[in-house]
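The file model-v4.txt comes next; it holds compact mmCIF, N, CA and C atoms.
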# COMPACT_ATOMS: atom_id res chain seq x y z
N MET A 1 23.34 -156.37 -53.61
CA MET A 1 23.58 -157.31 -52.52
C MET A 1 24.44 -158.44 -53.05
N ILE A 2 25.20 -159.07 -52.20
CA ILE A 2 26.07 -160.17 -52.58
C ILE A 2 25.20 -161.36 -52.98
N PRO A 3 25.45 -161.92 -54.17
CA PRO A 3 24.58 -163.01 -54.66
C PRO A 3 24.53 -164.21 -53.72
N ALA A 4 25.63 -164.55 -53.08
CA ALA A 4 25.64 -165.73 -52.21
C ALA A 4 24.74 -165.58 -51.00
N ILE A 5 24.52 -164.36 -50.57
CA ILE A 5 23.73 -164.14 -49.37
C ILE A 5 22.32 -163.65 -49.71
N SER A 6 22.15 -163.07 -50.89
CA SER A 6 20.86 -162.48 -51.23
C SER A 6 19.75 -163.52 -51.26
N SER A 7 20.06 -164.74 -51.72
CA SER A 7 19.01 -165.77 -51.75
C SER A 7 18.59 -166.16 -50.34
N ALA A 8 19.54 -166.17 -49.41
CA ALA A 8 19.20 -166.50 -48.03
C ALA A 8 18.38 -165.39 -47.40
N VAL A 9 18.72 -164.14 -47.69
CA VAL A 9 17.98 -163.02 -47.15
C VAL A 9 16.57 -163.01 -47.72
N ASN A 10 16.45 -163.29 -49.01
CA ASN A 10 15.12 -163.33 -49.62
C ASN A 10 14.30 -164.48 -49.06
N ALA A 11 14.96 -165.61 -48.77
CA ALA A 11 14.24 -166.75 -48.20
C ALA A 11 13.76 -166.45 -46.79
N LEU A 12 14.55 -165.68 -46.05
CA LEU A 12 14.14 -165.34 -44.69
C LEU A 12 13.00 -164.35 -44.68
N GLY A 13 12.97 -163.46 -45.68
CA GLY A 13 11.92 -162.47 -45.76
C GLY A 13 12.05 -161.41 -44.70
N SER A 14 11.10 -160.51 -44.65
CA SER A 14 11.16 -159.43 -43.67
C SER A 14 10.52 -159.83 -42.35
N GLY A 15 9.90 -161.00 -42.29
CA GLY A 15 9.21 -161.43 -41.09
C GLY A 15 10.11 -162.01 -40.03
N GLY A 16 11.36 -162.23 -40.31
CA GLY A 16 12.27 -162.78 -39.32
C GLY A 16 12.89 -164.06 -39.80
N VAL A 17 13.42 -164.80 -38.88
CA VAL A 17 14.18 -165.99 -39.21
C VAL A 17 13.28 -167.13 -39.62
N GLY A 18 12.10 -167.20 -39.14
CA GLY A 18 11.23 -168.33 -39.44
C GLY A 18 11.38 -169.37 -38.36
N SER A 19 10.76 -170.50 -38.56
CA SER A 19 10.83 -171.53 -37.53
C SER A 19 11.95 -172.51 -37.83
N VAL A 20 12.58 -172.98 -36.77
CA VAL A 20 13.63 -173.96 -36.93
C VAL A 20 13.01 -175.34 -37.13
N GLY A 21 11.88 -175.56 -36.56
CA GLY A 21 11.20 -176.84 -36.72
C GLY A 21 11.99 -177.96 -36.09
N SER A 22 11.99 -179.12 -36.72
CA SER A 22 12.74 -180.26 -36.20
C SER A 22 14.01 -180.45 -37.01
N LEU A 23 14.77 -179.38 -37.15
CA LEU A 23 15.99 -179.40 -37.94
C LEU A 23 16.97 -180.42 -37.41
N GLY A 24 17.09 -180.53 -36.10
CA GLY A 24 18.05 -181.45 -35.51
C GLY A 24 17.79 -182.89 -35.89
N SER A 25 16.55 -183.28 -36.02
CA SER A 25 16.25 -184.67 -36.34
C SER A 25 16.29 -184.93 -37.84
N GLN A 26 16.22 -183.89 -38.66
CA GLN A 26 16.22 -184.09 -40.11
C GLN A 26 17.56 -183.84 -40.75
N ALA A 27 18.44 -183.12 -40.07
CA ALA A 27 19.70 -182.74 -40.68
C ALA A 27 20.62 -183.95 -40.81
N THR A 28 21.40 -183.95 -41.88
CA THR A 28 22.38 -185.00 -42.10
C THR A 28 23.75 -184.37 -42.21
N ILE A 29 24.75 -185.19 -42.34
CA ILE A 29 26.13 -184.72 -42.40
C ILE A 29 26.35 -183.82 -43.60
N SER A 30 25.75 -184.12 -44.74
CA SER A 30 26.01 -183.36 -45.96
C SER A 30 25.35 -181.99 -45.96
N GLY A 31 24.52 -181.68 -44.98
CA GLY A 31 23.89 -180.37 -44.90
C GLY A 31 22.50 -180.36 -45.51
N THR A 32 22.09 -181.47 -46.11
CA THR A 32 20.73 -181.54 -46.63
C THR A 32 19.89 -182.32 -45.65
N SER A 33 18.62 -182.21 -45.77
CA SER A 33 17.77 -182.94 -44.85
C SER A 33 17.20 -184.17 -45.52
N SER A 34 16.78 -185.12 -44.71
CA SER A 34 16.25 -186.35 -45.25
C SER A 34 14.90 -186.13 -45.91
N SER A 35 14.15 -185.17 -45.46
CA SER A 35 12.84 -184.91 -46.06
C SER A 35 12.85 -183.62 -46.87
N GLY A 36 14.01 -183.02 -47.09
CA GLY A 36 14.11 -181.81 -47.88
C GLY A 36 13.66 -180.59 -47.10
N ALA A 37 14.57 -179.89 -46.47
CA ALA A 37 14.21 -178.71 -45.70
C ALA A 37 13.64 -177.64 -46.61
N SER A 38 12.56 -177.05 -46.23
CA SER A 38 11.96 -176.01 -47.05
C SER A 38 12.79 -174.74 -46.96
N SER A 39 12.66 -173.90 -47.97
CA SER A 39 13.46 -172.68 -48.00
C SER A 39 12.97 -171.66 -46.98
N SER A 40 11.81 -171.90 -46.36
CA SER A 40 11.31 -170.95 -45.37
C SER A 40 11.87 -171.23 -43.98
N SER A 41 12.51 -172.39 -43.78
CA SER A 41 13.09 -172.68 -42.48
C SER A 41 14.52 -172.15 -42.41
N PHE A 42 15.04 -172.05 -41.21
CA PHE A 42 16.40 -171.56 -41.03
C PHE A 42 17.40 -172.50 -41.69
N GLY A 43 17.19 -173.78 -41.54
CA GLY A 43 18.08 -174.77 -42.15
C GLY A 43 18.07 -174.67 -43.66
N GLY A 44 16.89 -174.48 -44.23
CA GLY A 44 16.78 -174.33 -45.69
C GLY A 44 17.46 -173.07 -46.18
N ALA A 45 17.29 -171.99 -45.43
CA ALA A 45 17.94 -170.73 -45.81
C ALA A 45 19.45 -170.85 -45.73
N LEU A 46 19.94 -171.53 -44.70
CA LEU A 46 21.37 -171.73 -44.55
C LEU A 46 21.92 -172.61 -45.67
N THR A 47 21.20 -173.65 -46.01
CA THR A 47 21.61 -174.52 -47.12
C THR A 47 21.65 -173.76 -48.43
N ASN A 48 20.63 -172.94 -48.67
CA ASN A 48 20.61 -172.13 -49.90
C ASN A 48 21.77 -171.15 -49.94
N ALA A 49 22.09 -170.55 -48.81
CA ALA A 49 23.20 -169.59 -48.77
C ALA A 49 24.52 -170.30 -49.04
N LEU A 50 24.71 -171.47 -48.46
CA LEU A 50 25.95 -172.21 -48.69
C LEU A 50 26.05 -172.69 -50.13
N ASN A 51 24.94 -173.13 -50.71
CA ASN A 51 24.95 -173.52 -52.12
C ASN A 51 25.28 -172.34 -53.02
N SER A 52 24.74 -171.19 -52.70
CA SER A 52 25.02 -169.99 -53.47
C SER A 52 26.48 -169.57 -53.33
N LEU A 53 27.03 -169.73 -52.13
CA LEU A 53 28.44 -169.43 -51.90
C LEU A 53 29.33 -170.36 -52.72
N GLU A 54 28.97 -171.62 -52.76
CA GLU A 54 29.72 -172.59 -53.54
C GLU A 54 29.66 -172.27 -55.03
N THR A 55 28.50 -171.85 -55.49
CA THR A 55 28.34 -171.47 -56.90
C THR A 55 29.18 -170.26 -57.25
N SER A 56 29.20 -169.26 -56.37
CA SER A 56 30.00 -168.06 -56.65
C SER A 56 31.49 -168.40 -56.65
N GLN A 57 31.91 -169.32 -55.78
CA GLN A 57 33.31 -169.75 -55.78
C GLN A 57 33.66 -170.48 -57.08
N ALA A 58 32.75 -171.32 -57.56
CA ALA A 58 32.98 -172.04 -58.83
C ALA A 58 33.03 -171.06 -60.00
N ASN A 59 32.14 -170.07 -59.99
CA ASN A 59 32.15 -169.05 -61.06
C ASN A 59 33.44 -168.25 -61.06
N ALA A 60 33.94 -167.93 -59.87
CA ALA A 60 35.19 -167.18 -59.76
C ALA A 60 36.36 -168.01 -60.26
N THR A 61 36.34 -169.30 -59.95
CA THR A 61 37.42 -170.17 -60.41
C THR A 61 37.44 -170.26 -61.93
N SER A 62 36.28 -170.47 -62.52
CA SER A 62 36.22 -170.56 -63.98
C SER A 62 36.55 -169.22 -64.64
N ALA A 63 36.15 -168.12 -64.04
CA ALA A 63 36.48 -166.80 -64.59
C ALA A 63 37.98 -166.53 -64.50
N ALA A 64 38.59 -166.92 -63.39
CA ALA A 64 40.04 -166.72 -63.24
C ALA A 64 40.81 -167.59 -64.23
N GLN A 65 40.35 -168.83 -64.43
CA GLN A 65 41.00 -169.70 -65.41
C GLN A 65 40.83 -169.15 -66.82
N GLY A 66 39.64 -168.65 -67.12
CA GLY A 66 39.41 -168.06 -68.43
C GLY A 66 40.25 -166.82 -68.66
N LEU A 67 40.44 -166.03 -67.62
CA LEU A 67 41.29 -164.85 -67.73
C LEU A 67 42.76 -165.24 -67.93
N ALA A 68 43.20 -166.28 -67.23
CA ALA A 68 44.60 -166.72 -67.34
C ALA A 68 44.90 -167.34 -68.70
N THR A 69 43.92 -168.00 -69.30
CA THR A 69 44.13 -168.64 -70.60
C THR A 69 43.79 -167.74 -71.77
N GLY A 70 43.23 -166.57 -71.49
CA GLY A 70 42.89 -165.63 -72.56
C GLY A 70 41.57 -165.90 -73.23
N GLN A 71 40.73 -166.71 -72.63
CA GLN A 71 39.43 -167.04 -73.20
C GLN A 71 38.35 -166.02 -72.86
N VAL A 72 38.61 -165.16 -71.90
CA VAL A 72 37.63 -164.16 -71.48
C VAL A 72 37.84 -162.90 -72.30
N SER A 73 36.76 -162.42 -72.92
CA SER A 73 36.87 -161.21 -73.75
C SER A 73 36.82 -159.94 -72.92
N ASP A 74 36.11 -159.99 -71.78
CA ASP A 74 35.99 -158.82 -70.91
C ASP A 74 36.60 -159.12 -69.54
N PRO A 75 37.82 -158.63 -69.29
CA PRO A 75 38.47 -158.96 -68.02
C PRO A 75 37.76 -158.38 -66.79
N THR A 76 36.97 -157.33 -66.97
CA THR A 76 36.28 -156.75 -65.82
C THR A 76 35.24 -157.71 -65.25
N GLN A 77 34.63 -158.51 -66.11
CA GLN A 77 33.66 -159.50 -65.61
C GLN A 77 34.35 -160.57 -64.78
N ALA A 78 35.55 -160.97 -65.20
CA ALA A 78 36.30 -161.97 -64.44
C ALA A 78 36.72 -161.41 -63.09
N VAL A 79 37.20 -160.18 -63.08
CA VAL A 79 37.62 -159.55 -61.83
C VAL A 79 36.42 -159.37 -60.91
N THR A 80 35.29 -158.98 -61.47
CA THR A 80 34.07 -158.80 -60.68
C THR A 80 33.62 -160.13 -60.07
N ALA A 81 33.70 -161.21 -60.84
CA ALA A 81 33.31 -162.53 -60.32
C ALA A 81 34.21 -162.95 -59.17
N VAL A 82 35.51 -162.70 -59.31
CA VAL A 82 36.45 -163.07 -58.25
C VAL A 82 36.22 -162.21 -57.00
N GLU A 83 35.98 -160.92 -57.18
CA GLU A 83 35.73 -160.04 -56.04
C GLU A 83 34.42 -160.39 -55.34
N ASP A 84 33.39 -160.73 -56.11
CA ASP A 84 32.12 -161.14 -55.50
C ASP A 84 32.31 -162.39 -54.66
N ALA A 85 33.08 -163.34 -55.18
CA ALA A 85 33.34 -164.58 -54.43
C ALA A 85 34.13 -164.28 -53.16
N GLN A 86 35.09 -163.37 -53.27
CA GLN A 86 35.88 -163.03 -52.09
C GLN A 86 35.02 -162.34 -51.03
N LEU A 87 34.17 -161.41 -51.45
CA LEU A 87 33.29 -160.73 -50.50
C LEU A 87 32.29 -161.71 -49.87
N SER A 88 31.79 -162.64 -50.67
CA SER A 88 30.86 -163.64 -50.14
C SER A 88 31.54 -164.51 -49.09
N MET A 89 32.77 -164.91 -49.37
CA MET A 89 33.49 -165.75 -48.42
C MET A 89 33.83 -164.97 -47.15
N ASP A 90 34.20 -163.70 -47.30
CA ASP A 90 34.47 -162.87 -46.12
C ASP A 90 33.22 -162.72 -45.25
N LEU A 91 32.07 -162.49 -45.89
CA LEU A 91 30.83 -162.36 -45.15
C LEU A 91 30.46 -163.67 -44.45
N ALA A 92 30.62 -164.79 -45.14
CA ALA A 92 30.33 -166.09 -44.52
C ALA A 92 31.25 -166.34 -43.32
N SER A 93 32.50 -165.94 -43.45
CA SER A 93 33.45 -166.09 -42.34
C SER A 93 33.06 -165.22 -41.15
N GLN A 94 32.62 -164.00 -41.40
CA GLN A 94 32.20 -163.11 -40.32
C GLN A 94 30.93 -163.63 -39.65
N ILE A 95 30.01 -164.16 -40.44
CA ILE A 95 28.78 -164.73 -39.87
C ILE A 95 29.12 -165.93 -39.00
N GLN A 96 30.06 -166.77 -39.47
CA GLN A 96 30.48 -167.92 -38.68
C GLN A 96 31.08 -167.47 -37.36
N SER A 97 31.92 -166.45 -37.39
CA SER A 97 32.54 -165.94 -36.16
C SER A 97 31.49 -165.42 -35.19
N LYS A 98 30.50 -164.69 -35.70
CA LYS A 98 29.44 -164.17 -34.83
C LYS A 98 28.61 -165.30 -34.23
N LEU A 99 28.34 -166.34 -35.02
CA LEU A 99 27.57 -167.47 -34.50
C LEU A 99 28.34 -168.21 -33.41
N ILE A 100 29.64 -168.36 -33.61
CA ILE A 100 30.46 -169.02 -32.59
C ILE A 100 30.50 -168.19 -31.31
N ASP A 101 30.65 -166.87 -31.45
CA ASP A 101 30.63 -165.99 -30.28
C ASP A 101 29.30 -166.08 -29.54
N ALA A 102 28.21 -166.10 -30.30
CA ALA A 102 26.88 -166.19 -29.68
C ALA A 102 26.71 -167.53 -28.96
N GLU A 103 27.18 -168.59 -29.59
CA GLU A 103 27.08 -169.91 -28.95
C GLU A 103 27.88 -169.96 -27.66
N GLN A 104 29.08 -169.40 -27.67
CA GLN A 104 29.89 -169.39 -26.45
C GLN A 104 29.24 -168.55 -25.36
N THR A 105 28.63 -167.45 -25.75
CA THR A 105 27.93 -166.61 -24.77
C THR A 105 26.76 -167.37 -24.15
N ILE A 106 26.04 -168.08 -24.97
CA ILE A 106 24.89 -168.85 -24.45
C ILE A 106 25.36 -169.94 -23.49
N PHE A 107 26.44 -170.64 -23.86
CA PHE A 107 26.92 -171.72 -23.01
C PHE A 107 27.54 -171.20 -21.70
N GLN A 108 28.02 -169.97 -21.71
CA GLN A 108 28.61 -169.40 -20.50
C GLN A 108 27.58 -168.75 -19.59
N THR A 109 26.36 -168.61 -20.06
CA THR A 109 25.30 -168.01 -19.25
C THR A 109 24.92 -168.95 -18.12
N GLN A 110 24.93 -168.43 -16.91
CA GLN A 110 24.57 -169.23 -15.75
C GLN A 110 23.07 -169.14 -15.53
N VAL A 111 22.51 -170.24 -15.20
CA VAL A 111 21.06 -170.32 -14.99
C VAL A 111 20.73 -170.19 -13.54

Would you encode the structure as structure tokens?
Amino acid sequence: MIPAISSAVNALGSGGVGSVGSLGSQATISGTSSSGASSSSFGGALTNALNSLETSQANATSAAQGLATGQVSDPTQAVTAVEDAQLSMDLASQIQSKLIDAEQTIFQTQV
């Protein structure tokens, strides 16, 4: 499984998404909560997934720099790190698109 998303999937567990709780009142601009969202909530899982995505992007950057400067002894590890980061970003982009589509569908639903 893609490392950036596996922590979010593990946090969600097999029981479903979990409770959203009072995410709207606790969320801040930076994506963290004022009281620390737990990893069992949707907001916590999303934060963990984004942090993992950021970590994989940083690892890919350092691996690419190491490959370019000749500091990496095994080029396959550098290529693997870059590909993992690319797949993670593609998956995050697709999830974002699906969420936007779902939001638009909800807002267009007539009551």

Two-atom distance - atom CA of Leu50 of chain A, atom CA of Asp101 of chain A (Å):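 Separation between atom CA of Leu50 of chain A and atom CA of Asp101 of chain A: 20.0 Å.
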
Between atom CA of Met89 of chain A and atom CA of Ala49 of chain A - distance in Å to one decimal: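 Computing it gives 11.0 Å between the two atoms.
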
All residues 7 Å or closer to segment 62-65 of chain A, only N, CA and C atoms, same chain fewer than 2 positions away omitted, as a list in words: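 Listed by chain and then number, they are Gln57, Ala58, Asn59, Ala60, Leu67, Ala68, Thr69, Gly70, Gln71, Val72, Gln77, Ala78, Val79, Ala81 and Val82 of chain A.
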
Distance of atom N of Leu99 of chain A from atom C of Thr80 of chain A, expressed in Å to one decimal place: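 Atom-to-atom, atom C of Thr80 of chain A to atom N of Leu99 of chain A, that is 26.3 Å.
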